[in-house]
$ cat coords_28.csv   # CSV, C-alpha atoms
chain,number,residue,atom,x,y,z
A,1,MET,CA,76.4,19.0,-14.2
A,2,THR,CA,73.3,19.0,-16.0
A,3,SER,CA,69.9,18.6,-13.9
A,4,LEU,CA,66.9,17.1,-15.4
A,5,SER,CA,63.6,18.6,-14.6
A,6,HIS,CA,60.1,18.0,-15.6
A,7,PRO,CA,58.0,20.9,-16.6
A,8,ILE,CA,54.8,21.3,-14.4
A,9,SER,CA,51.8,23.2,-15.7
A,10,VAL,CA,50.6,25.9,-13.4
A,11,ALA,CA,47.0,25.3,-14.5
A,12,GLY,CA,47.3,21.6,-13.5
A,13,VAL,CA,48.6,22.6,-10.1
A,14,GLN,CA,45.7,24.9,-9.5
A,15,SER,CA,43.3,22.4,-10.7
A,16,ALA,CA,44.6,19.8,-8.2
A,17,ARG,CA,44.5,22.3,-5.3
A,18,THR,CA,40.9,23.2,-6.2
A,19,LYS,CA,39.9,19.5,-6.3
A,20,ARG,CA,41.4,18.9,-2.9
A,21,ASN,CA,39.7,21.9,-1.4
A,22,GLN,CA,36.4,20.8,-2.8
A,23,GLU,CA,36.8,17.3,-1.4
A,24,GLY,CA,37.8,18.7,2.0
A,25,SER,CA,34.9,21.0,2.1
A,26,HIS,CA,32.5,18.2,1.3
A,27,ASP,CA,34.0,16.1,4.1
A,28,ASP,CA,33.5,18.9,6.6
A,29,THR,CA,29.8,19.5,5.8
A,30,GLU,CA,28.6,15.9,5.6
A,31,ASP,CA,26.7,14.6,8.7
A,32,VAL,CA,28.0,11.4,10.1
A,33,HIS,CA,25.8,9.3,12.4
A,34,LEU,CA,27.6,6.6,14.3
A,35,ILE,CA,25.3,4.0,15.8
A,36,PRO,CA,27.0,1.6,18.2
A,37,ARG,CA,26.3,-2.0,17.5
A,38,CYS,CA,24.9,-2.5,21.1
A,39,SER,CA,23.0,0.8,21.6
A,40,PRO,CA,19.5,0.3,23.2
A,41,VAL,CA,16.4,1.1,21.3
A,42,PRO,CA,14.3,3.8,23.0
A,43,ARG,CA,11.0,2.5,24.3
A,44,LYS,CA,7.8,4.1,25.8
A,45,ARG,CA,8.1,4.0,29.5
A,46,GLY,CA,5.2,2.7,31.6
A,47,ALA,CA,3.9,4.2,34.9
A,48,SER,CA,6.6,4.2,37.5
A,49,ILE,CA,6.0,3.3,41.2
A,50,TYR,CA,6.2,7.0,41.9
A,51,ASP,CA,3.4,7.8,39.4
A,52,GLU,CA,1.2,4.9,40.6
A,53,THR,CA,1.7,6.1,44.3
A,54,ALA,CA,0.8,9.7,43.3
A,55,GLU,CA,-2.4,8.4,41.5
A,56,TYR,CA,-3.4,6.3,44.5
A,57,MET,CA,-2.9,9.2,46.9
A,58,ARG,CA,-5.0,11.5,44.6
A,59,ILE,CA,-7.9,9.0,44.6
A,60,HIS,CA,-7.6,8.4,48.4
A,61,LEU,CA,-7.8,12.2,49.1
A,62,ALA,CA,-10.8,12.5,46.8
A,63,LEU,CA,-12.6,9.7,48.6
A,64,SER,CA,-11.8,11.1,52.1
A,65,ALA,CA,-13.2,14.5,51.0
A,66,GLY,CA,-16.6,12.9,50.3
A,67,LYS,CA,-17.4,15.2,47.5
A,68,ARG,CA,-16.5,13.6,44.1
A,69,VAL,CA,-14.6,10.6,42.9
A,70,SER,CA,-13.2,10.3,39.4
A,71,PHE,CA,-11.3,7.5,37.7
A,72,ALA,CA,-8.9,7.7,34.8
A,73,ASP,CA,-8.4,5.0,32.2
A,74,THR,CA,-5.6,2.5,32.5
A,75,THR,CA,-3.4,4.3,29.9
A,76,GLY,CA,-3.4,7.6,31.8
A,77,GLY,CA,-5.8,9.3,29.4
A,78,ASP,CA,-8.5,11.8,30.0
A,79,LEU,CA,-11.5,11.1,32.3
A,80,VAL,CA,-14.2,9.2,30.6
A,81,ASP,CA,-16.9,9.4,33.2
A,82,VAL,CA,-17.7,11.2,36.5
A,83,LYS,CA,-19.9,9.7,39.2
A,84,GLU,CA,-21.3,11.5,42.2
A,85,PHE,CA,-22.3,9.6,45.3
A,86,VAL,CA,-24.7,11.0,47.9
A,87,GLU,CA,-24.6,9.4,51.3
A,88,ALA,CA,-28.0,8.6,52.6
A,89,LYS,CA,-28.7,7.7,56.2
A,90,TYR,CA,-31.4,5.1,56.9
A,91,ARG,CA,-34.1,6.5,59.2
A,92,LYS,CA,-36.5,4.2,61.0
A,93,PRO,CA,-40.1,5.2,60.1
A,94,GLU,CA,-41.8,7.1,62.9
A,95,ARG,CA,-44.5,5.1,64.6
A,96,VAL,CA,-47.9,6.7,64.7
A,97,PRO,CA,-49.6,6.1,68.1
A,98,THR,CA,-53.2,5.3,68.8
A,99,TYR,CA,-54.8,7.4,71.6
A,100,LYS,CA,-57.5,6.2,74.0
A,101,VAL,CA,-59.1,8.2,76.8
A,102,GLN,CA,-60.0,6.1,79.8
A,103,PRO,CA,-62.2,7.4,82.7
A,104,GLU,CA,-60.9,6.4,86.2
A,105,PHE,CA,-64.4,6.4,87.7
A,106,HIS,CA,-67.8,4.8,87.1
A,107,ALA,CA,-70.9,6.9,86.5
A,108,PRO,CA,-73.7,5.9,88.8
A,109,ALA,CA,-76.7,4.0,87.7
A,110,VAL,CA,-80.0,5.7,87.0
A,111,SER,CA,-81.4,5.2,90.5
A,112,ALA,CA,-78.2,6.1,92.2
A,113,LEU,CA,-77.8,9.1,90.0
A,114,LEU,CA,-81.2,10.6,90.9
A,115,GLN,CA,-80.4,10.1,94.6
A,116,ALA,CA,-77.1,11.9,94.2
A,117,VAL,CA,-78.7,14.8,92.3
A,118,HIS,CA,-81.3,15.4,94.9
A,119,LYS,CA,-78.7,15.2,97.6
A,120,ASN,CA,-75.8,17.2,96.1
A,121,LYS,CA,-77.8,19.1,93.5
A,122,VAL,CA,-75.3,18.2,90.7
A,123,GLU,CA,-73.7,14.9,89.5
A,124,VAL,CA,-71.7,13.6,86.5
A,125,GLU,CA,-74.1,11.4,84.6
A,126,GLN,CA,-72.0,10.0,81.6
A,127,MET,CA,-68.6,10.0,80.0
A,128,SER,CA,-67.7,9.1,76.4
A,129,PRO,CA,-64.9,9.6,73.8
A,130,VAL,CA,-65.4,12.1,71.0
A,131,GLU,CA,-65.5,10.7,67.4
A,132,ASN,CA,-62.6,11.7,65.2
A,133,GLU,CA,-61.0,13.5,68.2
A,134,PRO,CA,-58.8,10.8,69.9
A,135,LEU,CA,-57.5,13.3,72.5
A,136,ALA,CA,-60.9,14.5,73.6
A,137,PHE,CA,-63.8,13.2,75.7
A,138,SER,CA,-67.3,14.5,76.4
A,139,GLY,CA,-69.6,14.3,79.4
A,140,LEU,CA,-73.1,14.9,80.6
A,141,ILE,CA,-74.0,16.6,83.9
A,142,ARG,CA,-77.4,16.2,85.6
A,143,VAL,CA,-78.4,19.1,87.9
A,144,LEU,CA,-81.4,19.7,90.2
A,145,ASN,CA,-83.7,22.4,88.8
A,146,ILE,CA,-83.4,24.7,91.8
A,147,SER,CA,-83.8,28.0,90.0
A,148,PHE,CA,-84.4,29.3,86.5
A,149,HIS,CA,-81.0,31.1,86.3
A,150,LYS,CA,-78.2,28.5,86.5
A,151,ALA,CA,-74.8,27.8,85.1
A,152,VAL,CA,-72.4,24.9,85.2
A,153,TYR,CA,-68.6,25.1,85.0
A,154,ILE,CA,-65.9,22.4,84.7
A,155,ARG,CA,-62.7,23.2,86.6
A,156,SER,CA,-59.9,21.0,85.2
A,157,THR,CA,-56.1,20.6,85.5
A,158,MET,CA,-53.4,18.6,83.7
A,159,ASP,CA,-50.5,19.4,86.1
A,160,ASN,CA,-51.9,18.3,89.4
A,161,TRP,CA,-53.6,21.6,90.2
A,162,ALA,CA,-50.5,23.8,89.7
A,163,THR,CA,-52.7,25.5,87.2
A,164,TYR,CA,-56.4,25.1,86.3
A,165,PHE,CA,-59.1,26.4,84.0
A,166,ASP,CA,-62.9,26.8,84.3
A,167,HIS,CA,-64.8,25.6,81.2
A,168,PRO,CA,-68.5,26.5,80.8
A,169,ALA,CA,-70.8,23.6,80.1
A,170,GLU,CA,-73.7,24.1,77.7
A,171,TYR,CA,-77.4,23.5,78.5
A,172,VAL,CA,-78.9,20.5,76.6
A,173,HIS,CA,-82.1,21.7,75.0
A,174,GLY,CA,-85.1,19.5,75.7
A,175,SER,CA,-83.4,17.7,78.7
A,176,HIS,CA,-85.7,19.2,81.3
A,177,ASP,CA,-87.9,16.4,82.9
A,178,GLY,CA,-89.6,18.5,85.6
A,179,ASP,CA,-87.0,18.1,88.4
A,180,THR,CA,-83.6,18.0,86.6
A,181,ASP,CA,-81.7,19.4,83.6
A,182,GLN,CA,-78.7,18.3,81.6
A,183,PHE,CA,-75.5,20.2,80.7
A,184,SER,CA,-72.8,18.9,78.3
A,185,PHE,CA,-69.1,19.6,78.2
A,186,LYS,CA,-65.9,18.5,76.3
A,187,LEU,CA,-62.3,18.4,77.4
A,188,SER,CA,-59.2,17.6,75.5
A,189,PHE,CA,-55.6,16.7,76.2
A,190,ALA,CA,-53.1,19.2,74.8
A,191,PRO,CA,-49.3,19.3,74.4
A,192,PRO,CA,-47.1,18.7,76.3
A,193,TYR,CA,-49.6,16.5,78.2
A,194,ILE,CA,-50.2,13.9,75.4
A,195,THR,CA,-47.8,11.2,76.6
A,196,HIS,CA,-48.9,7.8,77.9
A,197,GLY,CA,-50.4,8.1,81.3
A,198,SER,CA,-51.2,11.8,81.1
A,199,ARG,CA,-54.2,12.8,83.3
A,200,ILE,CA,-57.0,15.3,83.3
A,201,GLU,CA,-58.5,15.9,86.7
A,202,PHE,CA,-61.7,17.9,87.1
A,203,VAL,CA,-64.6,18.9,89.4
A,204,VAL,CA,-68.0,20.4,88.6
A,205,ARG,CA,-69.3,23.7,90.0
A,206,TYR,CA,-73.1,24.4,89.8
A,207,GLU,CA,-74.1,28.1,90.2
A,208,THR,CA,-77.7,29.0,91.1
A,209,SER,CA,-79.5,31.8,92.7
A,210,ASP,CA,-79.5,29.8,95.9
A,211,GLY,CA,-75.7,29.3,95.9
A,212,ASP,CA,-72.9,27.2,94.4
A,213,PHE,CA,-72.8,23.4,94.6
A,214,TRP,CA,-69.9,21.1,93.8
A,215,ALA,CA,-69.5,17.5,92.5
A,216,ASN,CA,-66.1,16.0,93.1
A,217,ASN,CA,-66.6,12.2,93.0
A,218,SER,CA,-66.9,11.9,96.8
A,219,THR,CA,-63.8,14.1,97.3
A,220,MET,CA,-61.7,11.9,94.9
A,221,ASN,CA,-62.2,14.2,91.9
A,222,TYR,CA,-62.9,12.9,88.4
A,223,VAL,CA,-59.9,11.6,86.5
A,224,VAL,CA,-59.4,10.7,82.9
A,225,THR,CA,-56.2,9.0,81.7
A,226,LEU,CA,-54.7,9.1,78.2
A,227,LEU,CA,-53.4,5.7,76.9
A,228,LEU,CA,-51.1,5.2,73.9
A,229,SER,CA,-50.7,2.1,71.8
A,230,TYR,CA,-48.9,1.2,68.6
A,231,GLU,CA,-50.0,-1.3,65.8
A,232,ASP,CA,-46.6,-3.0,65.7
A,233,ASP,CA,-46.7,-3.6,69.5
A,234,SER,CA,-49.7,-5.9,69.1
A,235,ALA,CA,-48.1,-7.6,66.1
A,236,GLN,CA,-44.9,-8.1,68.1
A,237,THR,CA,-46.9,-9.5,71.0
A,238,ASP,CA,-48.6,-12.0,68.7
A,239,LYS,CA,-45.2,-13.0,67.2
A,240,ASP,CA,-43.7,-13.5,70.7
A,241,ILE,CA,-46.7,-15.7,71.7
A,242,GLN,CA,-46.3,-17.8,68.5
A,243,GLN,CA,-42.5,-18.3,69.2
A,244,LEU,CA,-43.3,-19.2,72.8
A,245,ARG,CA,-45.8,-21.8,71.6
A,246,SER,CA,-43.2,-23.3,69.2
A,247,ILE,CA,-40.7,-23.5,72.0
A,248,LEU,CA,-43.0,-24.9,74.7
A,249,ARG,CA,-43.9,-28.1,72.9
A,250,PRO,CA,-45.4,-31.1,74.9
A,251,PRO,CA,-42.8,-33.8,75.5
A,252,LYS,CA,-42.9,-36.9,73.4
A,253,ALA,CA,-44.5,-40.0,74.9
A,254,TYR,CA,-42.0,-42.8,75.5
A,255,ARG,CA,-42.9,-46.4,76.0

$ encode --input "coords_28.csv" --output "structure tokens"
Amino acid sequence: MTSLSHPISVAGVQSARTKRNQEGSHDDTEDVHLIPRCSPVPRKRGASIYDETAEYMRIHLALSAGKRVSFADTTGGDLVDVKEFVEAKYRKPERVPTYKVQPEFHAPAVSALLQAVHKNKVEVEQMSPVENEPLAFSGLIRVLNISFHKAVYIRSTMDNWATYFDHPAEYVHGSHDGDTDQFSFKLSFAPPYITHGSRIEFVVRYETSDGDFWANNSTMNYVVTLLLSYEDDSAQTDKDIQQLRSILRPPKAYR
């Protein structure tokens, strides 16, 4: 039996194999991107609840520290401004007092003064405040001219005689009138005795060659009291009086 065959070219077979290999190689290296028809489109995420809570806690801690507070913009960007706050406490302005010295005794009249000087040899003649020194006061003492050598001292206390000091008085030149002489002195309140109602109590000692003589306001001693007042106190008193007048109005007349 005779078989029929078709001659096949070797070159053609190799060419076909080479073509298939090249196509297969091309299929293997090509990138294929499959996009599902319902795939979501990526979007930029906003601040989550966690992020917002963390930002709130950061600001809260900064406020509680009391040092510095900084704010970021709404998009979470860099800081655009920094503010520093300084806590200032309101202080009521300190009131400045007005001082006044007030003697708690009355100096005798001229006739009574001369009688007291001849009797006791020494007497306080006058008391007055000192200009531009609101805590101080000055005084004049009249003494009997017993001897040429004489001295006058003021013994004073501000703590009810727990302690005391002797202050020398100065002779007033030209004060001699034949029978008497004058001496002057100055005393002043000092801390801590500068509160309202503080007192200076004093007596006078007159030293002569014939002996020492004392003046003590008929055993009561001489007392000067310090008084304090404030400008706003008088203003408040006037305001209270005006309010009282506005409240206490006369009743209307009824027919």

$ residues_around --input "coords_28.csv" --residues "Thr208 of chain A" --least-positions-apart "4" --cutoff "10 Å" --atoms "all atoms listed in the file" --output "PyMOL selection string"
chain A and resi 145-152+212-213

$ closest_residue --input "coords_28.csv" --among "A:Met127, A:Val204, A:Val122, A:Leu135" --to "His106 of chain A" --atoms "only C-alpha atoms"
A:Met127

$ residues_around --input "coords_28.csv" --residues "Tyr164 of chain A" --least-positions-apart "3" --cutoff "12 Å" --atoms "all atoms listed in the file" --output "number ranges by chain"
A: 154-161, 167, 200-203

$ closest_residue --input "coords_28.csv" --among "A:Tyr99, A:Tyr230, A:Tyr153, A:Phe165" --to "Ser198 of chain A" --atoms "all atoms listed in the file"
A:Tyr99

$ residues_around --input "coords_28.csv" --residues "Phe137 of chain A" --least-positions-apart "4" --cutoff "12 Å" --atoms "all atoms listed in the file" --output "MDAnalysis selection string"
chainID A and resid 99:103 126:133 184:189 200 223:226

$ atom_distance --input "coords_28.csv" --atom1 "atom CA of Ala215 of chain A" --atom2 "atom CA of Tyr193 of chain A"
24.5 Å

$ residues_around --input "coords_28.csv" --residues "Glu123 of chain A" --least-positions-apart "3" --cutoff "12 Å" --atoms "only C-alpha atoms" --output "PyMOL selection string"
chain A and resi 106-110+112-120+126-127+139-144+152+154+180-184+203-206+213-218+221-222

$ atom_distance --input "coords_28.csv" --atom1 "atom CA of Glu125 of chain A" --atom2 "atom CA of Arg199 of chain A"
20.0 Å

$ atom_distance --input "coords_28.csv" --atom1 "atom CA of Ala136 of chain A" --atom2 "atom CA of Asp177 of chain A"
28.6 Å

$ closest_residue --input "coords_28.csv" --among "A:Ser209, A:Thr195, A:Ser111, A:Ser229" --to "Arg95 of chain A" --atoms "all atoms listed in the file"
A:Ser229
